[in-house]
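Reproduced below: entry-v3.txt, with compact mmCIF, C-alpha atoms and all ligand atoms.
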# COMPACT_ATOMS: atom_id res chain seq x y z
CA MET C 22 23.93 15.65 16.14
CA LEU C 23 21.14 13.72 14.45
CA SER C 24 18.82 11.13 15.95
CA HIS C 25 19.89 7.50 15.57
CA ARG C 26 16.39 6.81 14.28
CA VAL C 27 17.09 8.52 10.97
CA ASP C 28 20.45 6.75 10.55
CA HIS C 29 18.66 3.53 9.78
CA PHE C 30 16.98 4.46 6.53
CA VAL C 31 17.46 6.48 3.38
CA GLU C 32 15.03 8.75 1.56
CA SER C 33 12.45 6.95 -0.53
CA VAL C 34 14.03 5.29 -3.58
CA ILE C 35 10.59 5.25 -5.24
CA ARG C 36 10.35 9.02 -5.12
CA ASP C 37 14.04 9.35 -6.01
CA MET C 38 13.30 7.43 -9.22
CA THR C 39 10.47 9.86 -9.98
CA ARG C 40 12.92 12.75 -9.73
CA LEU C 41 15.43 10.92 -11.97
CA SER C 42 12.64 10.15 -14.41
CA LEU C 43 11.71 13.82 -14.66
CA LYS C 44 15.36 14.77 -15.13
CA HIS C 45 15.76 12.38 -18.07
CA GLY C 46 12.32 12.90 -19.58
CA ALA C 47 11.66 9.18 -19.04
CA ILE C 48 8.32 7.43 -18.70
CA ASN C 49 7.71 7.04 -15.00
CA LEU C 50 6.74 3.45 -14.30
CA ALA C 51 8.47 3.81 -10.92
CA GLN C 52 6.09 5.60 -8.57
CA GLY C 53 2.63 4.09 -8.30
CA PHE C 54 0.26 6.93 -9.11
CA PRO C 55 -2.11 7.42 -12.04
CA ASP C 56 -1.21 9.81 -14.87
CA PHE C 57 -4.89 9.96 -15.86
CA PRO C 58 -7.57 12.23 -14.37
CA ALA C 59 -9.37 11.55 -11.09
CA PRO C 60 -13.14 10.94 -11.36
CA LEU C 61 -14.94 14.14 -12.37
CA GLU C 62 -17.63 13.75 -9.72
CA LEU C 63 -14.97 13.58 -7.05
CA LYS C 64 -13.16 16.66 -8.31
CA ARG C 65 -16.48 18.53 -8.32
CA ALA C 66 -17.18 17.39 -4.78
CA ALA C 67 -13.78 18.69 -3.64
CA ALA C 68 -14.23 22.02 -5.40
CA SER C 69 -17.74 22.44 -3.89
CA ALA C 70 -16.44 21.55 -0.44
CA ILE C 71 -13.94 24.39 -0.66
CA MET C 72 -16.58 26.80 -1.99
CA GLU C 73 -18.98 25.72 0.75
CA ASP C 74 -16.24 26.60 3.21
CA TYR C 75 -15.20 23.29 4.62
CA ASN C 76 -11.90 25.06 5.04
CA GLN C 77 -11.12 24.89 8.74
CA TYR C 78 -9.92 21.95 10.80
CA SER C 79 -12.28 19.06 10.92
CA ILE C 80 -12.47 17.02 14.11
CA THR C 81 -8.94 15.73 14.69
CA TRP C 82 -9.79 12.09 14.12
CA GLY C 83 -11.91 12.78 11.04
CA ALA C 84 -15.08 14.52 9.89
CA LYS C 85 -18.14 12.82 11.36
CA ASP C 86 -19.91 12.25 8.03
CA LEU C 87 -16.79 10.62 6.61
CA ARG C 88 -16.28 8.35 9.62
CA GLU C 89 -19.92 7.28 9.36
CA GLU C 90 -19.54 6.46 5.69
CA ILE C 91 -16.25 4.60 6.32
CA SER C 92 -18.02 2.58 9.01
CA ARG C 93 -20.72 1.54 6.54
CA LYS C 94 -18.13 0.65 3.88
CA ALA C 95 -16.09 -1.36 6.41
CA ARG C 96 -19.19 -3.34 7.41
CA GLU C 97 -20.32 -4.03 3.87
CA TYR C 98 -16.99 -4.56 2.09
CA ASN C 99 -14.53 -5.65 4.78
CA HIS C 100 -17.01 -7.35 7.13
CA ILE C 101 -15.58 -5.34 9.99
CA GLU C 102 -17.74 -3.51 12.53
CA ALA C 103 -16.12 -0.17 13.41
CA ASP C 104 -17.93 2.36 15.58
CA PRO C 105 -17.40 5.77 13.93
CA GLU C 106 -17.19 7.50 17.33
CA ASN C 107 -14.50 5.33 18.89
CA GLU C 108 -12.93 3.02 16.34
CA ILE C 109 -12.08 5.06 13.24
CA THR C 110 -9.28 7.58 12.70
CA VAL C 111 -8.98 9.51 9.45
CA THR C 112 -5.32 10.22 8.67
CA CYS C 113 -3.09 11.91 6.08
CA GLY C 114 -2.96 8.90 3.80
CA SER C 115 -2.52 5.31 4.87
CA THR C 116 1.17 6.18 5.22
CA GLU C 117 0.39 8.27 8.28
CA ALA C 118 -2.04 5.66 9.59
CA MET C 119 0.75 3.08 9.48
CA MET C 120 3.32 5.29 11.17
CA ALA C 121 0.83 6.49 13.82
CA SER C 122 -0.13 2.86 14.54
CA MET C 123 3.48 1.82 14.96
CA LEU C 124 4.23 4.77 17.24
CA ALA C 125 1.15 3.91 19.26
CA LEU C 126 2.10 0.24 19.70
CA ILE C 127 5.86 -0.14 19.78
CA ASN C 128 8.27 0.11 22.65
CA GLU C 129 12.00 0.31 21.85
CA GLY C 130 13.22 -3.18 20.93
CA ASP C 131 9.83 -4.73 20.21
CA GLU C 132 9.87 -6.92 17.13
CA VAL C 133 7.76 -6.55 14.00
CA VAL C 134 7.18 -9.38 11.55
CA ILE C 135 7.26 -8.23 7.92
CA PHE C 136 6.86 -10.41 4.83
CA GLU C 137 9.49 -9.98 2.13
CA PRO C 138 9.16 -8.50 -0.47
CA PHE C 139 7.64 -5.54 1.39
CA TYR C 140 6.53 -2.00 0.67
CA GLU C 141 9.40 0.39 1.17
CA ASN C 142 7.81 2.31 4.07
CA TYR C 143 7.74 -0.52 6.60
CA GLY C 144 11.51 -0.30 7.21
CA PRO C 145 11.39 3.40 8.15
CA ASP C 146 8.12 2.82 10.05
CA SER C 147 10.00 0.30 12.18
CA ALA C 148 13.10 2.45 12.56
CA VAL C 149 11.21 5.57 13.64
CA SER C 150 9.03 3.69 16.11
CA GLY C 151 12.02 1.82 17.57
CA ALA C 152 10.95 -1.62 16.36
CA VAL C 153 13.29 -4.38 15.26
CA PRO C 154 12.02 -5.80 11.94
CA ARG C 155 12.01 -9.55 11.34
CA PHE C 156 11.68 -10.28 7.67
CA VAL C 157 9.98 -13.46 6.54
CA PRO C 158 10.68 -14.20 2.88
CA LEU C 159 7.76 -15.51 0.91
CA GLY C 160 8.66 -18.82 -0.67
CA GLU C 161 8.26 -20.13 -4.19
CA ASP C 162 5.15 -18.85 -5.95
CA ASN C 163 4.77 -16.18 -3.28
CA ARG C 164 3.53 -18.73 -0.72
CA ILE C 165 4.02 -18.36 3.01
CA ASP C 166 6.69 -20.67 4.39
CA GLU C 167 4.86 -21.83 7.53
CA ASP C 168 8.02 -22.82 9.40
CA ALA C 169 9.79 -19.56 8.63
CA LEU C 170 6.75 -17.59 9.76
CA THR C 171 6.34 -19.59 12.96
CA CYS C 172 10.04 -19.13 13.79
CA ALA C 173 9.77 -15.36 13.34
CA PHE C 174 7.46 -15.05 16.35
CA ASN C 175 8.89 -14.86 19.87
CA LYS C 176 8.34 -13.12 23.21
CA LYS C 177 9.38 -9.77 21.79
CA THR C 178 7.02 -9.82 18.81
CA ARG C 179 4.50 -7.02 19.10
CA VAL C 180 3.22 -6.42 15.57
CA LEU C 181 2.86 -8.21 12.24
CA ILE C 182 2.51 -6.01 9.16
CA LEU C 183 0.28 -7.46 6.47
CA ASN C 184 -0.12 -5.88 3.04
CA THR C 185 -2.75 -7.51 0.85
CA PRO C 186 -3.12 -7.10 -2.12
CA ASN C 187 0.63 -6.74 -1.98
CA ASN C 188 2.91 -4.05 -3.26
CA PRO C 189 5.28 -4.98 -4.96
CA SER C 190 4.52 -8.69 -5.57
CA GLY C 191 0.82 -8.48 -6.46
CA LYS C 192 0.13 -11.36 -4.06
CA VAL C 193 -3.37 -11.63 -2.59
CA PHE C 194 -3.27 -13.53 0.72
CA THR C 195 -5.68 -16.46 0.85
CA LYS C 196 -8.12 -17.28 3.62
CA ASP C 197 -5.92 -20.20 4.75
CA GLU C 198 -2.86 -17.99 4.92
CA LEU C 199 -4.74 -15.36 6.89
CA LYS C 200 -5.96 -18.07 9.25
CA LEU C 201 -2.38 -19.22 9.86
CA ILE C 202 -1.27 -15.63 10.54
CA ALA C 203 -4.28 -15.09 12.81
CA ASP C 204 -3.52 -18.22 14.86
CA LEU C 205 0.08 -17.09 15.38
CA CYS C 206 -0.99 -13.56 16.31
CA ALA C 207 -3.54 -14.88 18.80
CA TYR C 208 -1.09 -17.37 20.32
CA HIS C 209 1.71 -14.80 20.73
CA ASP C 210 -0.57 -11.88 21.62
CA VAL C 211 0.49 -9.89 18.56
CA ILE C 212 -1.36 -7.06 16.79
CA ALA C 213 -1.75 -7.22 13.00
CA VAL C 214 -1.36 -3.85 11.33
CA THR C 215 -2.67 -4.15 7.79
CA ASP C 216 -2.16 -2.11 4.68
CA GLU C 217 -5.18 -2.74 2.46
CA ILE C 218 -4.80 0.26 0.19
CA TYR C 219 -5.24 -1.92 -2.96
CA GLU C 220 -8.32 -3.69 -1.56
CA TYR C 221 -10.42 -2.99 -4.66
CA ILE C 222 -7.75 -3.83 -7.23
CA LEU C 223 -7.89 -7.62 -7.67
CA TYR C 224 -7.91 -9.69 -10.84
CA ASP C 225 -9.28 -12.99 -12.11
CA ASP C 226 -12.16 -12.95 -9.59
CA LYS C 227 -9.81 -12.97 -6.58
CA LYS C 228 -11.56 -11.76 -3.41
CA HIS C 229 -10.16 -9.39 -0.83
CA ILE C 230 -10.29 -10.68 2.74
CA SER C 231 -9.51 -8.40 5.67
CA ILE C 232 -7.77 -10.30 8.45
CA GLY C 233 -9.63 -8.02 10.89
CA SER C 234 -12.87 -9.76 9.88
CA LEU C 235 -11.70 -13.07 11.40
CA ASP C 236 -13.21 -13.59 14.86
CA GLU C 237 -9.93 -14.08 16.70
CA MET C 238 -8.50 -10.91 15.10
CA LYS C 239 -11.37 -8.56 15.89
CA ASP C 240 -9.61 -6.80 18.76
CA ARG C 241 -6.05 -7.34 17.62
CA THR C 242 -6.06 -5.78 14.15
CA ILE C 243 -5.50 -2.26 12.95
CA THR C 244 -7.04 -2.21 9.48
CA ILE C 245 -5.60 0.53 7.31
CA SER C 246 -6.80 1.75 3.94
CA GLY C 247 -7.35 4.98 2.09
CA PHE C 248 -8.66 6.78 -0.97
CA SER C 249 -5.46 7.24 -3.01
CA LYS C 250 -5.52 4.14 -5.15
CA THR C 251 -9.20 3.25 -5.37
CA TYR C 252 -10.21 6.74 -6.45
CA SER C 253 -6.98 7.85 -8.17
CA VAL C 254 -6.33 10.73 -5.78
CA THR C 255 -2.86 9.92 -4.40
CA GLY C 256 -2.16 13.62 -3.78
CA TRP C 257 -5.16 14.12 -1.50
CA ARG C 258 -3.58 12.20 1.34
CA ILE C 259 -6.72 10.78 2.93
CA GLY C 260 -6.48 7.42 4.66
CA TYR C 261 -7.86 5.79 7.78
CA ALA C 262 -7.28 3.23 10.49
CA LEU C 263 -9.96 0.98 12.00
CA ALA C 264 -9.23 -0.52 15.39
CA GLU C 265 -10.96 -1.34 18.66
CA LYS C 266 -11.42 1.51 21.10
CA THR C 267 -8.23 1.31 23.21
CA LEU C 268 -6.00 0.93 20.17
CA THR C 269 -7.86 3.74 18.41
CA SER C 270 -7.44 6.13 21.32
CA ALA C 271 -3.66 5.55 21.23
CA ILE C 272 -3.56 6.05 17.43
CA ARG C 273 -5.64 9.23 17.76
CA LYS C 274 -3.21 10.70 20.28
CA VAL C 275 -0.26 10.22 17.96
CA HIS C 276 -2.23 11.43 14.94
CA ASP C 277 -3.43 14.54 16.76
CA PHE C 278 0.08 15.75 17.53
CA LEU C 279 1.61 14.61 14.25
CA THR C 280 -0.79 16.24 11.81
CA VAL C 281 -3.85 17.59 13.72
CA GLY C 282 -5.99 16.24 10.92
CA ALA C 283 -6.37 15.35 7.26
CA PRO C 284 -7.44 18.07 4.76
CA ALA C 285 -11.03 19.01 5.69
CA PRO C 286 -12.53 19.76 2.23
CA LEU C 287 -11.05 16.57 0.78
CA GLN C 288 -12.46 14.53 3.65
CA HIS C 289 -15.83 15.94 2.75
CA ALA C 290 -15.34 14.97 -0.92
CA CYS C 291 -14.38 11.43 0.13
CA VAL C 292 -17.95 10.94 1.39
CA THR C 293 -19.00 11.21 -2.27
CA ALA C 294 -16.36 8.63 -3.22
CA LEU C 295 -17.73 6.10 -0.76
CA ARG C 296 -21.19 6.48 -2.29
CA PHE C 297 -20.06 5.51 -5.79
CA PRO C 298 -22.10 2.63 -7.24
CA ASP C 299 -20.72 -0.93 -7.60
CA SER C 300 -20.17 -0.28 -11.30
CA TYR C 301 -17.35 2.15 -10.39
CA TYR C 302 -15.33 -0.64 -8.75
CA GLU C 303 -16.07 -3.08 -11.56
CA GLU C 304 -14.83 -0.57 -14.11
CA LEU C 305 -11.70 0.11 -12.02
CA VAL C 306 -10.78 -3.58 -12.10
CA ARG C 307 -11.57 -3.88 -15.80
CA MET C 308 -9.36 -0.89 -16.55
CA TYR C 309 -6.40 -2.12 -14.48
CA ASP C 310 -6.74 -5.65 -15.82
CA GLY C 311 -6.21 -4.30 -19.35
CA LYS C 312 -3.18 -2.30 -18.20
CA ARG C 313 -1.78 -5.30 -16.34
CA LYS C 314 -1.87 -7.38 -19.51
CA LEU C 315 -0.38 -4.56 -21.56
CA LEU C 316 2.63 -4.10 -19.28
CA TYR C 317 3.10 -7.84 -18.77
CA GLY C 318 3.25 -8.37 -22.54
CA ALA C 319 5.71 -5.50 -22.93
CA LEU C 320 8.03 -6.85 -20.21
CA ILE C 321 8.00 -10.41 -21.55
CA ASN C 322 8.62 -9.08 -25.02
CA ALA C 323 11.61 -7.08 -23.75
CA GLY C 324 13.19 -10.19 -22.22
CA PHE C 325 12.14 -9.92 -18.55
CA LYS C 326 10.83 -12.86 -16.56
CA CYS C 327 7.79 -11.98 -14.48
CA CYS C 328 4.45 -13.21 -13.15
CA MET C 329 1.02 -11.74 -13.60
CA PRO C 330 0.06 -10.02 -10.35
CA GLU C 331 -3.13 -11.16 -8.58
CA GLY C 332 -3.83 -7.68 -7.28
CA ALA C 333 -2.52 -4.08 -6.91
CA TYR C 334 -0.86 -2.35 -9.88
CA TYR C 335 2.76 -3.44 -10.02
CA ILE C 336 4.82 -6.10 -11.74
CA LEU C 337 8.02 -7.34 -10.15
CA ALA C 338 10.33 -8.47 -12.95
CA ASP C 339 13.60 -10.42 -12.90
CA ILE C 340 16.51 -8.68 -14.56
CA PRO C 341 17.96 -11.12 -17.12
CA GLU C 342 21.48 -12.24 -16.25
CA SER C 343 22.57 -11.17 -19.70
CA ALA C 344 22.05 -7.55 -18.59
CA GLY C 345 25.12 -7.98 -16.37
CA MET C 346 24.03 -5.27 -13.93
CA ASP C 347 22.52 -5.17 -10.47
CA ASP C 348 19.15 -3.52 -9.85
CA MET C 349 20.54 -0.06 -9.06
CA ALA C 350 22.82 0.07 -12.09
CA PHE C 351 20.15 -1.38 -14.33
CA ALA C 352 17.44 1.03 -13.11
CA LYS C 353 19.78 3.96 -13.77
CA TYR C 354 20.65 2.59 -17.21
CA MET C 355 16.96 2.14 -18.01
CA VAL C 356 15.99 5.64 -17.01
CA SER C 357 18.82 7.40 -18.81
CA GLU C 358 19.33 5.18 -21.89
CA VAL C 359 15.97 3.50 -22.48
CA GLY C 360 13.73 6.26 -21.14
CA VAL C 361 11.69 4.09 -18.76
CA ALA C 362 11.88 4.48 -14.97
CA ALA C 363 11.36 1.51 -12.64
CA VAL C 364 12.19 0.95 -8.97
CA PRO C 365 15.29 -1.13 -8.05
CA GLY C 366 14.18 -4.35 -6.39
CA SER C 367 16.39 -3.86 -3.34
CA SER C 368 13.89 -1.24 -2.10
CA PHE C 369 11.55 -4.15 -1.33
CA TYR C 370 13.99 -6.72 0.04
CA LYS C 371 16.29 -7.03 2.99
CA SER C 372 17.92 -10.06 1.36
CA GLU C 373 20.00 -10.07 -1.81
CA ALA C 374 17.03 -11.30 -3.88
CA GLY C 375 16.00 -7.74 -4.71
CA LYS C 376 19.28 -7.05 -6.48
CA HIS C 377 18.01 -9.02 -9.46
CA LYS C 378 14.63 -7.35 -9.75
CA LEU C 379 12.89 -4.20 -10.89
CA ARG C 380 9.37 -3.06 -10.05
CA PHE C 381 7.18 -1.47 -12.74
CA THR C 382 3.78 0.12 -12.18
CA PHE C 383 0.96 -0.04 -14.69
CA SER C 384 -1.13 2.71 -13.10
CA LYS C 385 -0.71 4.77 -16.25
CA ARG C 386 -2.69 5.67 -19.38
CA ASP C 387 -2.62 3.02 -22.10
CA GLU C 388 -0.73 5.49 -24.34
CA THR C 389 1.94 5.85 -21.66
CA LEU C 390 2.25 2.08 -21.31
CA MET C 391 2.38 1.62 -25.08
CA GLU C 392 5.14 4.19 -25.40
CA ALA C 393 7.01 2.42 -22.58
CA ALA C 394 6.52 -0.87 -24.47
CA ARG C 395 7.96 0.71 -27.60
CA ARG C 396 11.00 1.97 -25.71
CA LEU C 397 11.48 -1.37 -23.96
CA GLU C 398 11.66 -3.08 -27.34
CA GLY C 399 14.93 -1.28 -27.86
CA LEU C 400 16.35 -2.77 -24.68
CA ASN C 401 19.28 -4.94 -25.57
CA ILE C 402 19.17 -7.83 -23.09
N1 LIG T 501 2.59 3.51 -3.11
C1 LIG T 501 3.22 4.06 -4.27
C2 LIG T 501 4.34 3.17 -4.75
O1 LIG T 501 4.60 2.15 -4.17
C3 LIG T 501 3.69 5.45 -4.03
C4 LIG T 501 4.81 5.53 -3.06
C5 LIG T 501 4.94 6.89 -2.54
O2 LIG T 501 5.63 7.68 -3.13
N2 LIG T 501 4.31 7.16 -1.45
O3 LIG T 501 4.96 3.49 -5.73
What's the C-alpha cells form of this structure?
Amino acid sequence: MLSHRVDHFVESVIRDMTRLSLKHGAINLAQGFPDFPAPLELKRAAASAIMEDYNQYSITWGAKDLREEISRKAREYNHIEADPENEITVTCGSTEAMMASMLALINEGDEVVIFEPFYENYGPDSAVSGAVPRFVPLGEDNRIDEDALTCAFNKKTRVLILNTPNNPSGKVFTKDELKLIADLCAYHDVIAVTDEIYEYILYDDKKHISIGSLDEMKDRTITISGFSKTYSVTGWRIGYALAEKTLTSAIRKVHDFLTVGAPAPLQHACVTALRFPDSYYEELVRMYDGKRKLLYGALINAGFKCCMPEGAYYILADIPESAGMDDMAFAKYMVSEVGVAAVPGSSFYKSEAGKHKLRFTFSKRDETLMEAARRLEGLNI
C-alpha cells in the first residue's frame, strides 16, 4: 500500500525526543533550537512586513530583495558569486533546499557519499530521492580517512553531502580536507551538496570555508544555508540554495511544486537580518562559546567523555560503560529519571559507534544549561 521510499526511514528521533522531553517535563537538550528570544529588530521587521501586507506569494524562487541581499552576503562571506536572477533559490529552510537538491540531481540507484557521523536528515533525503548512501566514517580526532573517502567514489557516485561546521560532531572541515574532497568530486564528476547552516558559529578563531568558493567546485556545488541558526529563528523556515544556472533551474522546478515558496513576510524580514552589523556575529560566537564551555563542564563533571566542538552548537558525548545501557535505553532513562533530554547517537551513525553516544545541544539559555548541569550531577554513572 505504501511507497517503498518511506519504508527506509523512521520519523525524526530528534523531534521524538522533544516530544518525550515535554511529556516528562525534562530539559530539552535534544533538539537544536534556542529557548531564548529572537533578535528584537528581526521580530519587528517580520511584524511590519505583515502589516505592510507582504502577505501573498512572493516569487516562487524567492523575493527579489532577499535574493539580492543573499547574493551580496555570499560574495562577501562565502566568496561565492551567485547571480540573484539565476543562481539563488529561497526555500522553506535548508531542509527543503537539501531535499529539493537531491530530487533535482538523483536518479534511482545513484550513490551519495556521506560522512559519518551525519545529520539525521541525509538518510531520508537519500531514501526519498532514490539514492544509495555510502557512509564514510571520520577517523580518529574527526579526521578524514583519505583511503576510505577515495574508495567511496565510483562510477555511480553522483553527490557528496558536506556539512561544515558539522552537526553532531562540531567538526569544521579544513582547507586541505576541502581540497581533497574537491579533487575527488572533480575527478569523478560529482556534485557537492553542502549544508552550511552553522557557518557563523565557529570557535577559537576557526574560519568557515565554503567548498563552493574553490575554483574547481564553482559549477559543481550546491551551497545551502539559512536563517534558522544564525538569527535564532528556527520556526521561520527560511533557507536557500546557491548553484550555477542549470542546477538552479532544476532545484527551482522541484521547489516550485513542493512548496510554491517560503513565507513571504518572513523573507522580507530576512533582508533586515542580512544587514546586521559585524558586531552581531561576533556577539553570537561569544554567546555560544560561553554556552559551549558551560555544557562541556557539566558533561565532564557528570562522567561523560567528550570533546569541545570547533563549531555548531552540539556536543557528542560517549556514554560511560558503567552506565550499562545502549544509547536508546540511556536516552530514555535520562529523560524520565534525570530530567534531561538528549538524542541517541545512533541517529547520526550507520555503524554501531552511535550506540555508545548521546548528542546534547547547548543552544539554550544559561539558566537552562545550569539547571541541566545540576540535574546531571545526580546521574549515577
Ligand atoms: N537541526 C536541529 C537539530 O539537529 C533541529 C532538527 C530538526 O528538528 N529539524 O537538532
Counting all atoms listed in the file, which residues in chain C sit no more than 6 Å from ligand LIG 501 (chain T)? For each one, give the nearest pair of atoms and the distance in Å, sorted by chain then residue number, as JSON lines.
{"residue": "C:Ile35", "atom": "CA", "partner": "T:LIG501", "partner_atom": "O2", "distance": 5.9}
{"residue": "C:Arg36", "atom": "CA", "partner": "T:LIG501", "partner_atom": "O2", "distance": 5.3}
{"residue": "C:Gln52", "atom": "CA", "partner": "T:LIG501", "partner_atom": "O3", "distance": 3.7}
{"residue": "C:Gly53", "atom": "CA", "partner": "T:LIG501", "partner_atom": "O3", "distance": 3.5}
Answer as a ChimeraX atom specification, residues within 8 Å of (-1.0, -12.7, -10.9) using only C-alpha atoms: /C:191-192,224,328-332
Å distance separating CA of Ala121 (chain C) from CA of Ala262 (chain C), one decimal place: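 Value for the CA of Ala121 (chain C)-CA of Ala262 (chain C) distance: 9.4 Å.
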Two-atom distance - CA of Arg26 (chain C), CA of Ser249 (chain C) (Å):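 Taking CA of Arg26 (chain C) as the start and CA of Ser249 (chain C) as the end point, the length is 27.9 Å.
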Nearest to Leu61 (chain C) by atom-to-atom distance, counting only C-alpha atoms, from C:Ala290, C:Cys113, C:Ala203, C:Leu316: C:Ala290
Residue nearest Ile259 (chain C) - candidates C:Gln77, C:Asn49, C:Thr293, C:Ser115, atoms counted: all atoms listed in the file: C:Ser115
For CA of Asp146 (chain C) and CA of Met123 (chain C), the interatomic separation in Å (one decimal):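 Between these atoms lies a distance of 6.8 Å.
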Per residue of region 169-224 of chain C within 10 Å of region 364-372 of chain C, note the shortest atom pair and the distance in Å to one decimal, counting all atoms listed in the file, and order the rows by chain and increasing residue number, as JSON lines.
{"residue": "C:Asn188", "atom": "CA", "partner": "C:Phe369", "partner_atom": "CA", "distance": 8.9}
{"residue": "C:Pro189", "atom": "CA", "partner": "C:Phe369", "partner_atom": "CA", "distance": 7.3}
{"residue": "C:Ser190", "atom": "CA", "partner": "C:Phe369", "partner_atom": "CA", "distance": 9.4}
Pick from C:Arg241, C:Lys176, C:Arg396, C:Arg258 nearest to Ala323 (chain C), counting all atoms listed in the file: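 Result for the nearest residue to Ala323 (chain C): C:Arg396.
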Test item: residues at most 8 Å from Tyr78 (chain C), all atoms listed in the file, excluding those fewer than 2 positions along its chain, as a PyMOL selection string: chain C and resi 76+80-81+282+284-285
Applying 7 Å and all atoms listed in the file, which residues near Ile402 (chain C) remain after dropping the ones on its own chain fewer than 6 positions away? List them as a PDB file with C-alpha atoms, in the coordinates of the input.
ATOM      1  CA  GLY C 324      13.190 -10.190 -22.220  1.00  0.00           C
ATOM      2  CA  PRO C 341      17.960 -11.120 -17.120  1.00  0.00           C
ATOM      3  CA  SER C 343      22.570 -11.170 -19.700  1.00  0.00           C
ATOM      4  CA  ALA C 344      22.050  -7.550 -18.590  1.00  0.00           C
TER       5      ALA C 344
END
Can you check which parts of region 243-272 of chain C lie within 12 Å of region 86-101 of chain C? Per residue, the shortest pair of atoms and distance in Å to one decimal, counting all atoms listed in the file, sorted by chain and number, as a tab-separated table.
residue	atom	partner	partner_atom	distance
C:Ile243	CA	C:Ile101	CA	10.9
C:Thr244	CA	C:Ile101	CA	9.1
C:Ile245	CA	C:Ala95	CA	10.7
C:Ser246	CA	C:Ala95	CA	10.1
C:Gly247	CA	C:Ile91	CA	9.9
C:Phe248	CA	C:Ile91	CA	10.7
C:Ile259	CA	C:Leu87	CA	10.7
C:Gly260	CA	C:Ile91	CA	10.3
C:Tyr261	CA	C:Ile91	CA	8.6
C:Ala262	CA	C:Ile91	CA	10.0
C:Leu263	CA	C:Ala95	CA	8.6
C:Ala264	CA	C:Ile101	CA	9.6
C:Glu265	CA	C:Ile101	CA	10.6
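Compared by their closest atoms to Tyr301 (chain C), and using all atoms listed in the file, the residues C:Phe383, C:Phe57, C:Phe351, C:Tyr221 rank with C:Tyr221 nearest.
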For Met238 (chain C), the nearest of the candidates C:Ala207, C:Ile71, C:Asp225, C:Thr215, counting all atoms listed in the file: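 Looking at the shortest contact to Met238 (chain C), the residue is C:Ala207.
Distances from C:Ile321, C:Leu181, C:Leu337, C:Ile109 to Ala271 (chain C) were compared using all atoms listed in the file, and the smallest one belongs to C:Ile109.
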For region 44-47 of chain C: contacts at 7 Å, all atoms listed in the file, fewer than 6 positions along chain excluded, given as a PyMOL selection string: chain C and resi 356-357+360-362
Report, as AutoDock Vina command-line options, the axis-aligned box around all atoms of region 291-305 of chain C present in the file, extended by 6 Å on each side; give centre and edge lengths in Å to one decimal place.
--center_x -16.9 --center_y 4.2 --center_z -6.4 --size_x 22.4 --size_y 26.5 --size_z 27.5
Shell of 12 Å around His29 (chain C), only C-alpha atoms, local chain residues under 5 positions omitted, as a ChimeraX atom specification: /C:23-24,144-154
